[in-house]
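Structure, as structure tokens:
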Amino acid sequence: MVRDEPEFFSKFLKNYNYKPFKCRVCGERFWSIVDRDTCSDRPCSRYDFLLKKYPSVKKLSLDETRNKFINFFKKHGHGYVEPYPVLARWRNDLYLTIASIIVFQPAVTEGISNPPYNPLVIVQPCIRLEDIDEVGYTFGRHFSSFEMGGHHAFNKDEERIYWVDETLEYAYRFFTEDIGIPSEDIVFKDSWWEGGGNAGPAYEVVVDGLELATLVFMKYRIVNGKYVPMNVLVVDTGYGIERIAWFTQKTPTAFHTVYGRLVDDYKNLLSIDEPPHDVLKQMIYMLSDKDVSPNSLYKILDGYGYSEYYKSLLNSINLYTLLDHSKALALMLSDGIVPSNTGEGYLARLVLRRMLRTLHRLGVYPNKYTDTVLELMDKTISYWTGRYVYDKFRMYRDYIVDVIVNEVNKYIKALDRGLKIVEKTLKRKRRLSVDDFIEIYDSHGVPPEIVVDKAGEYGIELDVPKDFYSLVAKRHSQPTKLEKYREEQLPIDAIEWALGFPSTRKLFHEDPYMSYFKARVIGVKEKYLILDQTAFYPKAGGQDCDLGYIVLPNGRRFRVRCVYKCSEVVVHELIENVEGIIKPGMLIEGYVDWIRRYCLMRHHTATHIVLGAARKVLGDHVWQAGVEKTIDKARLDITHYKPLSRKEVKAIEDLANKVVNERRELKFYYLEKFDAEKKYGIRIYQGGAVVSPKLRIVEIPGWDAEACFGTHLHNTGEVGGIKIIGVDRIQDGVIRLEFIAGSRIRDYAVELEGLVEAVSKSIGVSSRQLVSGVKRFKEELSQYRSLVSRYRSEYRRLLLSSIESVSEEVCGVKVVYLYNSLGDEKLYRNIVLELVSKGYVVLYDNGRIMELATSRDTVSKGADLLEVLSKLEKVYPSIRGGGKKDHVTFSANVESREIYSVVKKLLMEMIGCVEN
Ligand SMILES: [Zn+2]
Ligand SMILES: [Zn+2]
């Protein structure tokens, strides 16, 4: 709903003779120089621009359009900002860059950081999966990857840049002067924008059926459903670079404008025919005011007499989808996304799986998936080489190829397993809800189309849920809970109390080698203590807190049990309630447990070194997924798509130790957000997004730079050495490395030494001879094994013949008693089986439990062993057991020989012969 706002009555519109009209179809207000009764936005209008002539509009390629946009705003005083990655690492609440303003949220829009320029211009590649199911069916209005041209201004009370009039005028002048669109064709349509917790009035710039830009005036924050004015008034514009290029070229679809010769390459590779372009254009024009979907396409085409083109148009739509998805996937992967079943990795996997599904529709079967996707990707990579940010595809080619091979294999395996589960589900249910489809996709990897096919085999008719992939993408577009490292473990009332104090001066940053300090008490509550300054490092950024003690002026000492960080306030937890003993204003001394702290510092600096080494060895996609530094060890979880080989682990360790030995001097800086990002890139956010006026950057020159709160050594040489002691794949796409540094390596060596000694001792050699000793041991063992097996077979033969000779016959059934006197279960079990196969009834006592066994044949002669057992239970109440007619097991505290004679009697009764 469009709210009434003063922004809708701009001086610009009046001055340029734009008059308000109400659209006959949608009822919205719009502004036009010439009289109109509809708003020229679809569906109120068709793609009129496709068939119309604009003598002053020159054809522009995607690159030319982008450059024209950037240059126009540069010329008008806007600072140019290089595009950011599509993976929004600087945000905790979002995975992908879905618009240009995302780059500046929340730091700039909330007034925490200064923008790099004000006003500024940026052309930002975006990924938007929320309408991924529309891609292809709107012939170019929707892309999953597109460029958004944005010019932004951030207005504060003290600094006004510009607002509505200037923004509308820029749009007007850009479209009329630089693109050459006649002013009578431009329509400004009133609109309302809401997203990401912000809202404001907006204008859509629409020309003959195509919306070319949206101009948003962000002025509210939405708090509990209420509109609260923002401190920073944000001009947030989005120009569709692809749409503008399409508008000038008037190719049948925007895909032809954006992908050029790549359309033909894909067509040849997949053997697809498009309808002739003049027919295609005519059809698209007719379809442009309709809601086209897989279900409606045939009917609509048929209505216009185009049904003969149904098949080729449907194939073409799938072709356009592949062109779009391959670029989106290349962008996501070259920004370092590792496919997985959670987070941003989930979204990359979704795009790849949707590609496979699309290929499936075009008749490509699983055995050809890998080759086909790789060929398509290869063409995509070379098409974009040398062009804007897409040039990086080339550098990430190996990673892209490797990931695709891995992922396709995983998918095919998952499908095999998943289909069995689908079959089971279909036997239970003949109808599936959308949630069932999502559950099947999320847990078992089977896409809805394949479920529908499978259902068909069972005679069940199902429809693919509408907008399935959009729905799934939407559900996974944001972290489910704030996956932020939760640093405060203080009780809520203590947190509230602590936040009332000014920032603590952080002596541990000023001098990380300080282990003794003096400070003044400014707050005491129960066992919690706040000082004006401290050298005690709080639990933060995965680094464990310092311990130690504080000393009062009277000499009394209190142990520090834990240290917390509450925003900028450091809270010390003592072991007892000190309220009344320690008083505000008191001057105290602090002693930090230096051995502990030094170990933590070594593990922290080592973590930065190992991360850099992992990136060098495995690739730029490696990203920190989690981290913990304790005195025992450091652990670093990194994103990677397959298990590490021993060679890779060793290479990481070698490189890390090289950096230790190079004695690199660490550098520490406090930088503004955009300065830090410009200097080091988004890579600084390894520990997650940081929203703060200044970022503390810890740099190991030439190796690694991160926004980091931790205490670090001043030189990598002080780490002493690094040993990786554990490597584990902890979840899909995440590898955990555990390592130790410095003198902890000695402790580890002592542990190993002890182990070696214990093993040596147990086999009776000295630890130096351990290897040859174990080898000899193994050889002897295998000799004994083969000897035993020879004895066993010989003994088995002897035993069997002697048993058979002492067996007895009860009414024509041979009965035998067997006691495992050697404790060789394998041998005796074998003999039991042999005797059973010969029709004997065997009572076998293995020393712990008794068994009665025979063949089915013998059972049919009347020797039902279950019946024997139940009769035995009557004779000996202590017997407990069960089984089947031909095999029962039981325990009893009666001699097995005695039981044997009873069994014989029972069998005689049951089979029913007369003893002679
Ligand atoms: Zn309308
Ligand atoms: Zn760190």
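Going by the structure tokens order, chains are called A, B, ..., each with residues numbered from 1, while ligands are numbered from 1 in the order shown.
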Would you write out, as JSON lines, a table of all residues in chain A that have an atom no more than 9 Å from an atom of ligand 1, listing for each the closest atom pair and the distance in Å to one decimal, considering only C-alpha atoms and all ligand atoms and ordering rows by chain and rising residue number?
{"residue": "A:Lys22", "atom": "CA", "partner": "ligand 1", "partner_atom_place_in_ligand_line": "1 (Zn)", "distance": 8.0}
{"residue": "A:Cys23", "atom": "CA", "partner": "ligand 1", "partner_atom_place_in_ligand_line": "1 (Zn)", "distance": 4.7}
{"residue": "A:Arg24", "atom": "CA", "partner": "ligand 1", "partner_atom_place_in_ligand_line": "1 (Zn)", "distance": 6.7}
{"residue": "A:Val25", "atom": "CA", "partner": "ligand 1", "partner_atom_place_in_ligand_line": "1 (Zn)", "distance": 5.1}
{"residue": "A:Cys26", "atom": "CA", "partner": "ligand 1", "partner_atom_place_in_ligand_line": "1 (Zn)", "distance": 4.1}
{"residue": "A:Gly27", "atom": "CA", "partner": "ligand 1", "partner_atom_place_in_ligand_line": "1 (Zn)", "distance": 6.2}
{"residue": "A:Glu28", "atom": "CA", "partner": "ligand 1", "partner_atom_place_in_ligand_line": "1 (Zn)", "distance": 6.0}
{"residue": "A:Arg29", "atom": "CA", "partner": "ligand 1", "partner_atom_place_in_ligand_line": "1 (Zn)", "distance": 8.2}
{"residue": "A:Phe30", "atom": "CA", "partner": "ligand 1", "partner_atom_place_in_ligand_line": "1 (Zn)", "distance": 8.3}
{"residue": "A:Asp37", "atom": "CA", "partner": "ligand 1", "partner_atom_place_in_ligand_line": "1 (Zn)", "distance": 8.6}
{"residue": "A:Thr38", "atom": "CA", "partner": "ligand 1", "partner_atom_place_in_ligand_line": "1 (Zn)", "distance": 5.3}
{"residue": "A:Cys39", "atom": "CA", "partner": "ligand 1", "partner_atom_place_in_ligand_line": "1 (Zn)", "distance": 4.2}
{"residue": "A:Ser40", "atom": "CA", "partner": "ligand 1", "partner_atom_place_in_ligand_line": "1 (Zn)", "distance": 6.5}
{"residue": "A:Asp41", "atom": "CA", "partner": "ligand 1", "partner_atom_place_in_ligand_line": "1 (Zn)", "distance": 5.9}
{"residue": "A:Arg42", "atom": "CA", "partner": "ligand 1", "partner_atom_place_in_ligand_line": "1 (Zn)", "distance": 7.2}
{"residue": "A:Pro43", "atom": "CA", "partner": "ligand 1", "partner_atom_place_in_ligand_line": "1 (Zn)", "distance": 7.2}
{"residue": "A:Cys44", "atom": "CA", "partner": "ligand 1", "partner_atom_place_in_ligand_line": "1 (Zn)", "distance": 4.7}
{"residue": "A:Ser45", "atom": "CA", "partner": "ligand 1", "partner_atom_place_in_ligand_line": "1 (Zn)", "distance": 7.5}
{"residue": "A:Lys189", "atom": "CA", "partner": "ligand 1", "partner_atom_place_in_ligand_line": "1 (Zn)", "distance": 8.7}
Using the selection just defined, write its residues with all heavy atoms as a compact mmCIF listing (two decimals), in the first residue's frame.
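Dumped everything to out.txt:
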# COMPACT_ATOMS: atom_id res chain seq x y z
N LYS A 22 -4.45 8.84 -12.84
CA LYS A 22 -4.77 7.61 -12.12
C LYS A 22 -4.92 6.49 -13.13
O LYS A 22 -5.66 6.65 -14.12
CB LYS A 22 -6.08 7.82 -11.35
CG LYS A 22 -6.33 6.73 -10.35
CD LYS A 22 -7.54 7.04 -9.47
CE LYS A 22 -7.82 5.81 -8.68
NZ LYS A 22 -9.07 5.49 -8.26
N CYS A 23 -4.22 5.39 -12.91
CA CYS A 23 -4.26 4.30 -13.89
C CYS A 23 -5.63 3.63 -13.88
O CYS A 23 -6.14 3.26 -12.83
CB CYS A 23 -3.15 3.29 -13.60
SG CYS A 23 -3.22 1.85 -14.69
N ARG A 24 -6.20 3.50 -15.08
CA ARG A 24 -7.51 2.90 -15.26
C ARG A 24 -7.50 1.43 -14.80
O ARG A 24 -8.48 0.91 -14.30
CB ARG A 24 -7.86 2.99 -16.76
CG ARG A 24 -9.10 2.25 -17.22
CD ARG A 24 -9.41 2.67 -18.67
NE ARG A 24 -8.30 2.37 -19.58
CZ ARG A 24 -8.07 1.15 -20.11
NH1 ARG A 24 -8.84 0.13 -19.81
NH2 ARG A 24 -7.06 0.96 -20.95
N VAL A 25 -6.34 0.76 -14.95
CA VAL A 25 -6.29 -0.68 -14.64
C VAL A 25 -5.91 -0.94 -13.18
O VAL A 25 -6.64 -1.59 -12.45
CB VAL A 25 -5.31 -1.40 -15.58
CG1 VAL A 25 -5.35 -2.91 -15.31
CG2 VAL A 25 -5.64 -1.10 -17.04
N CYS A 26 -4.78 -0.40 -12.74
CA CYS A 26 -4.33 -0.76 -11.39
C CYS A 26 -4.75 0.27 -10.35
O CYS A 26 -4.59 0.05 -9.15
CB CYS A 26 -2.81 -0.96 -11.37
SG CYS A 26 -1.85 0.54 -11.66
N GLY A 27 -5.22 1.41 -10.79
CA GLY A 27 -5.72 2.42 -9.86
C GLY A 27 -4.65 3.25 -9.18
O GLY A 27 -4.95 4.12 -8.36
N GLU A 28 -3.36 3.03 -9.52
CA GLU A 28 -2.28 3.78 -8.87
C GLU A 28 -2.08 5.14 -9.55
O GLU A 28 -2.40 5.32 -10.72
CB GLU A 28 -0.97 2.99 -8.94
CG GLU A 28 -0.99 1.65 -8.20
CD GLU A 28 -1.07 1.80 -6.69
OE1 GLU A 28 -0.80 2.92 -6.18
OE2 GLU A 28 -1.43 0.80 -6.02
N ARG A 29 -1.48 6.07 -8.77
CA ARG A 29 -1.18 7.38 -9.33
C ARG A 29 0.17 7.33 -10.05
O ARG A 29 1.11 6.69 -9.57
CB ARG A 29 -1.13 8.43 -8.24
CG ARG A 29 -0.89 9.85 -8.79
CD ARG A 29 -1.03 10.88 -7.72
NE ARG A 29 -0.13 10.59 -6.60
CZ ARG A 29 -0.35 11.01 -5.36
NH1 ARG A 29 -1.43 11.70 -5.07
NH2 ARG A 29 0.50 10.72 -4.39
N PHE A 30 0.25 8.01 -11.20
CA PHE A 30 1.53 8.13 -11.89
C PHE A 30 1.63 9.50 -12.52
O PHE A 30 0.65 10.24 -12.61
CB PHE A 30 1.68 7.02 -12.94
CG PHE A 30 0.67 7.08 -14.04
CD1 PHE A 30 0.91 7.82 -15.20
CD2 PHE A 30 -0.55 6.43 -13.94
CE1 PHE A 30 -0.02 7.89 -16.22
CE2 PHE A 30 -1.48 6.49 -14.95
CZ PHE A 30 -1.23 7.22 -16.10
N ASP A 37 -4.20 6.99 -19.94
CA ASP A 37 -5.17 6.45 -18.98
C ASP A 37 -4.66 5.19 -18.29
O ASP A 37 -5.25 4.74 -17.33
CB ASP A 37 -6.56 6.24 -19.62
CG ASP A 37 -6.51 5.28 -20.78
OD1 ASP A 37 -5.38 4.89 -21.18
OD2 ASP A 37 -7.59 4.93 -21.28
N THR A 38 -3.53 4.62 -18.79
CA THR A 38 -2.90 3.52 -18.04
C THR A 38 -1.46 3.90 -17.73
O THR A 38 -0.89 4.80 -18.34
CB THR A 38 -2.92 2.19 -18.81
OG1 THR A 38 -2.25 2.40 -20.05
CG2 THR A 38 -4.31 1.68 -19.04
N CYS A 39 -0.86 3.14 -16.76
CA CYS A 39 0.39 3.61 -16.17
C CYS A 39 1.66 3.19 -16.90
O CYS A 39 2.76 3.50 -16.47
CB CYS A 39 0.48 3.13 -14.72
SG CYS A 39 0.71 1.35 -14.59
N SER A 40 1.54 2.44 -17.98
CA SER A 40 2.66 1.94 -18.79
C SER A 40 3.59 0.98 -18.04
O SER A 40 4.67 0.68 -18.51
CB SER A 40 3.42 3.07 -19.51
OG SER A 40 4.36 3.72 -18.70
N ASP A 41 3.15 0.52 -16.88
CA ASP A 41 3.87 -0.56 -16.20
C ASP A 41 3.09 -1.83 -16.53
O ASP A 41 1.87 -1.79 -16.68
CB ASP A 41 3.84 -0.30 -14.68
CG ASP A 41 4.81 -1.20 -13.94
OD1 ASP A 41 5.58 -1.92 -14.60
OD2 ASP A 41 4.79 -1.16 -12.70
N ARG A 42 3.76 -2.95 -16.71
CA ARG A 42 3.00 -4.16 -16.93
C ARG A 42 2.41 -4.63 -15.60
O ARG A 42 2.97 -4.31 -14.56
CB ARG A 42 3.86 -5.24 -17.61
CG ARG A 42 4.99 -5.77 -16.72
CD ARG A 42 5.48 -7.06 -17.22
NE ARG A 42 4.44 -8.07 -17.24
CZ ARG A 42 3.93 -8.67 -16.17
NH1 ARG A 42 4.33 -8.33 -14.95
NH2 ARG A 42 3.02 -9.61 -16.30
N PRO A 43 1.28 -5.29 -15.52
CA PRO A 43 0.51 -5.77 -16.68
C PRO A 43 -0.46 -4.74 -17.26
O PRO A 43 -1.23 -5.11 -18.14
CB PRO A 43 -0.26 -6.96 -16.08
CG PRO A 43 -0.47 -6.58 -14.67
CD PRO A 43 0.70 -5.75 -14.26
N CYS A 44 -0.44 -3.49 -16.78
CA CYS A 44 -1.35 -2.49 -17.35
C CYS A 44 -0.97 -2.21 -18.81
O CYS A 44 -1.76 -1.69 -19.59
CB CYS A 44 -1.32 -1.20 -16.55
SG CYS A 44 -1.58 -1.47 -14.79
N SER A 45 0.28 -2.51 -19.15
CA SER A 45 0.73 -2.31 -20.52
C SER A 45 1.61 -3.49 -20.89
O SER A 45 2.12 -4.18 -20.03
CB SER A 45 1.51 -0.98 -20.55
OG SER A 45 2.55 -1.03 -21.48
N LYS A 189 6.00 6.52 -11.49
CA LYS A 189 4.82 5.92 -10.84
C LYS A 189 5.04 5.87 -9.33
O LYS A 189 6.08 5.42 -8.86
CB LYS A 189 4.63 4.50 -11.39
CG LYS A 189 3.35 3.85 -10.94
CD LYS A 189 3.23 2.46 -11.54
CE LYS A 189 2.03 1.74 -10.96
NZ LYS A 189 1.99 0.33 -11.34
*asked:* Neighbouring residues of ligand 2 are defined here as those with any atom at most 7 Å from a ligand atom, counting only C-alpha atoms and all ligand atoms; list them as a PyMOL selection string.
replied: chain A and resi 541+604+608+706+708-710
Restrict the selected residues to N, CA and C atoms and save them as a compact mmCIF listing (two decimals), in the first residue's frame.
# COMPACT_ATOMS: atom_id res chain seq x y z
N GLY A 541 35.89 -13.33 20.71
CA GLY A 541 36.46 -13.74 19.44
C GLY A 541 37.04 -15.14 19.48
N HIS A 604 46.42 -17.79 19.38
CA HIS A 604 45.64 -16.88 18.55
C HIS A 604 46.42 -16.44 17.31
N HIS A 608 45.72 -17.20 13.02
CA HIS A 608 45.76 -16.32 11.84
C HIS A 608 46.76 -16.87 10.81
N GLU A 706 42.89 -9.33 9.58
CA GLU A 706 41.53 -9.57 10.06
C GLU A 706 41.12 -8.49 11.05
N CYS A 708 40.00 -8.00 14.35
CA CYS A 708 40.17 -8.96 15.45
C CYS A 708 40.37 -8.22 16.76
N PHE A 709 39.75 -8.76 17.81
CA PHE A 709 39.80 -8.14 19.13
C PHE A 709 40.90 -8.74 19.99
N GLY A 710 41.44 -9.87 19.54
CA GLY A 710 42.31 -10.69 20.39
C GLY A 710 43.65 -10.07 20.75
*Residues at most 10 Å from stretch 102-117 of chain A, counting only C-alpha atoms, excluding those fewer than 4 positions away in the same chain, as JSON, numbers by chain?*
{"A": [77, 78, 79, 80, 81, 83, 84, 85, 86, 88, 89, 90, 91, 94, 96, 97, 98, 121, 122, 124, 126, 152, 153, 154, 155, 156, 196, 198, 218, 221, 230, 231, 232, 233, 234, 672, 673, 674, 675, 678, 690, 691, 692, 693, 694]}
Can you check which parts of stretch 657-715 of chain A lie within 12 Å of stretch 329-341 of chain A? Per residue, the shortest pair of atoms and distance in Å to one decimal, counting only C-alpha atoms, sorted by chain and number, as CSV.
residue,atom,partner,partner_atom,distance
A:Gly681,CA,A:Asp335,CA,11.8
A:Ile682,CA,A:Asp335,CA,10.3
A:Arg683,CA,A:Gly336,CA,10.4
Can you spit out the residues from that selection as a PDB file, in the first residue's frame, using all heavy atoms?
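See selection.pdb below for the written result:
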ATOM      1  N   GLY A 681      40.112  -5.668   1.781  1.00  0.00           N
ATOM      2  CA  GLY A 681      39.015  -6.473   1.236  1.00  0.00           C
ATOM      3  C   GLY A 681      38.118  -7.000   2.343  1.00  0.00           C
ATOM      4  O   GLY A 681      38.364  -6.799   3.531  1.00  0.00           O
ATOM      5  N   ILE A 682      37.077  -7.710   1.908  1.00  0.00           N
ATOM      6  CA  ILE A 682      36.054  -8.220   2.811  1.00  0.00           C
ATOM      7  C   ILE A 682      36.612  -9.351   3.673  1.00  0.00           C
ATOM      8  O   ILE A 682      36.021  -9.761   4.666  1.00  0.00           O
ATOM      9  CB  ILE A 682      34.864  -8.716   1.963  1.00  0.00           C
ATOM     10  CG1 ILE A 682      34.285  -7.553   1.176  1.00  0.00           C
ATOM     11  CG2 ILE A 682      33.760  -9.336   2.781  1.00  0.00           C
ATOM     12  CD1 ILE A 682      33.957  -6.372   2.020  1.00  0.00           C
ATOM     13  N   ARG A 683      37.777  -9.862   3.258  1.00  0.00           N
ATOM     14  CA  ARG A 683      38.421 -10.962   3.976  1.00  0.00           C
ATOM     15  C   ARG A 683      38.669 -10.651   5.463  1.00  0.00           C
ATOM     16  O   ARG A 683      38.854 -11.557   6.266  1.00  0.00           O
ATOM     17  CB  ARG A 683      39.743 -11.237   3.267  1.00  0.00           C
ATOM     18  CG  ARG A 683      40.454 -12.433   3.734  1.00  0.00           C
ATOM     19  CD  ARG A 683      41.450 -12.902   2.700  1.00  0.00           C
ATOM     20  NE  ARG A 683      40.739 -13.421   1.549  1.00  0.00           N
ATOM     21  CZ  ARG A 683      41.318 -13.649   0.384  1.00  0.00           C
ATOM     22  NH1 ARG A 683      42.572 -13.356   0.203  1.00  0.00           N
ATOM     23  NH2 ARG A 683      40.613 -14.161  -0.600  1.00  0.00           N
TER      24      ARG A 683
END
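Backbone DSSP over stretch 85-164 of chain A gives helix (DSSP H, G or I) for A:Ser100, A:Ile101, A:Ile102, A:Val103, A:Phe104, A:Ile132, A:Asp133, A:Glu134, A:Val164.
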File dump, residues just selected, N, CA, C and O atoms, as a JSON list (two decimals), in the first residue's frame:
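Written output follows (result-v4.json):
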[["chain", "number", "residue", "atom", "x", "y", "z"],
["A", 100, "SER", "N", 22.26, -2.94, -4.18],
["A", 100, "SER", "CA", 23.48, -2.15, -3.94],
["A", 100, "SER", "C", 23.51, -1.55, -2.53],
["A", 100, "SER", "O", 24.57, -1.41, -1.93],
["A", 101, "ILE", "N", 22.34, -1.25, -1.97],
["A", 101, "ILE", "CA", 22.32, -0.61, -0.65],
["A", 101, "ILE", "C", 22.82, -1.56, 0.44],
["A", 101, "ILE", "O", 23.29, -1.12, 1.50],
["A", 102, "ILE", "N", 22.76, -2.87, 0.17],
["A", 102, "ILE", "CA", 23.24, -3.89, 1.13],
["A", 102, "ILE", "C", 24.68, -3.60, 1.55],
["A", 102, "ILE", "O", 25.08, -3.84, 2.68],
["A", 103, "VAL", "N", 25.46, -3.05, 0.60],
["A", 103, "VAL", "CA", 26.87, -2.75, 0.87],
["A", 103, "VAL", "C", 27.00, -1.75, 2.03],
["A", 103, "VAL", "O", 27.96, -1.78, 2.79],
["A", 104, "PHE", "N", 26.01, -0.87, 2.15],
["A", 104, "PHE", "CA", 26.12, 0.22, 3.12],
["A", 104, "PHE", "C", 25.25, 0.03, 4.36],
["A", 104, "PHE", "O", 25.20, 0.89, 5.23],
["A", 132, "ILE", "N", 13.43, -16.93, -8.28],
["A", 132, "ILE", "CA", 14.20, -17.75, -9.22],
["A", 132, "ILE", "C", 13.28, -18.54, -10.16],
["A", 132, "ILE", "O", 13.64, -18.80, -11.31],
["A", 133, "ASP", "N", 12.06, -18.86, -9.72],
["A", 133, "ASP", "CA", 11.16, -19.61, -10.59],
["A", 133, "ASP", "C", 10.60, -18.78, -11.74],
["A", 133, "ASP", "O", 10.04, -19.30, -12.69],
["A", 134, "GLU", "N", 10.76, -17.44, -11.63],
["A", 134, "GLU", "CA", 10.28, -16.56, -12.70],
["A", 134, "GLU", "C", 11.29, -16.47, -13.84],
["A", 134, "GLU", "O", 10.97, -16.05, -14.94],
["A", 164, "VAL", "N", 14.54, 14.26, -2.90],
["A", 164, "VAL", "CA", 13.67, 13.83, -4.01],
["A", 164, "VAL", "C", 13.91, 14.58, -5.32],
["A", 164, "VAL", "O", 14.10, 13.97, -6.38]]
*Could you name the residues that touch stretch 713-725 of chain A at 9 Å or less, counting only C-alpha atoms, but leaving out those on the same chain fewer than 6 positions away, as a VMD selection string?*
chain A and resid 512 to 513 598 to 599 601 to 606 609 to 610 649 to 650 652 to 654 656 to 657 659 to 667 700 737 to 743 745
*Please give the complete set of residues from stretch 427-636 of chain A that DSSP, run on the backbone, assigns to strand (DSSP E), formatted as a ChimeraX atom specification.*
/A:505-506,516-525,528-531,533-534,548-551,557-566,569-574,587-592,624-629,634-636
*Give me the residues within 12 Å of A:Gln249 as a ChimeraX atom specification, counting only C-alpha atoms and dropping any in the same chain fewer than 2 places off.*
/A:49-54,57-62,64-65,179,242-247,251-258,260
*Polymer residues at most 8 Å from A:Tyr220, only C-alpha atoms, same-chain spacing of 4 or more positions, as a ChimeraX atom specification*: /A:198-200,227-230
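Using only C-alpha atoms, the nearest neighbour of A:Arg596 within the list A:Glu457, A:Asp546, A:Asp48, A:Asp467 is A:Asp546.
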Closest-contact table, stretch 585-656 of chain A side, partner stretch 379-397 of chain A, 10 Å, counting only C-alpha atoms, as a tab-separated table:
residue	atom	partner	partner_atom	distance
A:Gly619	CA	A:Tyr396	CA	8.8
A:Asp620	CA	A:Tyr396	CA	8.5
A:His621	CA	A:Tyr396	CA	9.1
_Residues near A:Tyr564, cut-off 10 Å, only C-alpha atoms, skip fewer than 4 positions along chain, as a PyMOL selection string_ = chain A and resi 487-490+495+528+536-540+544-546+569-573
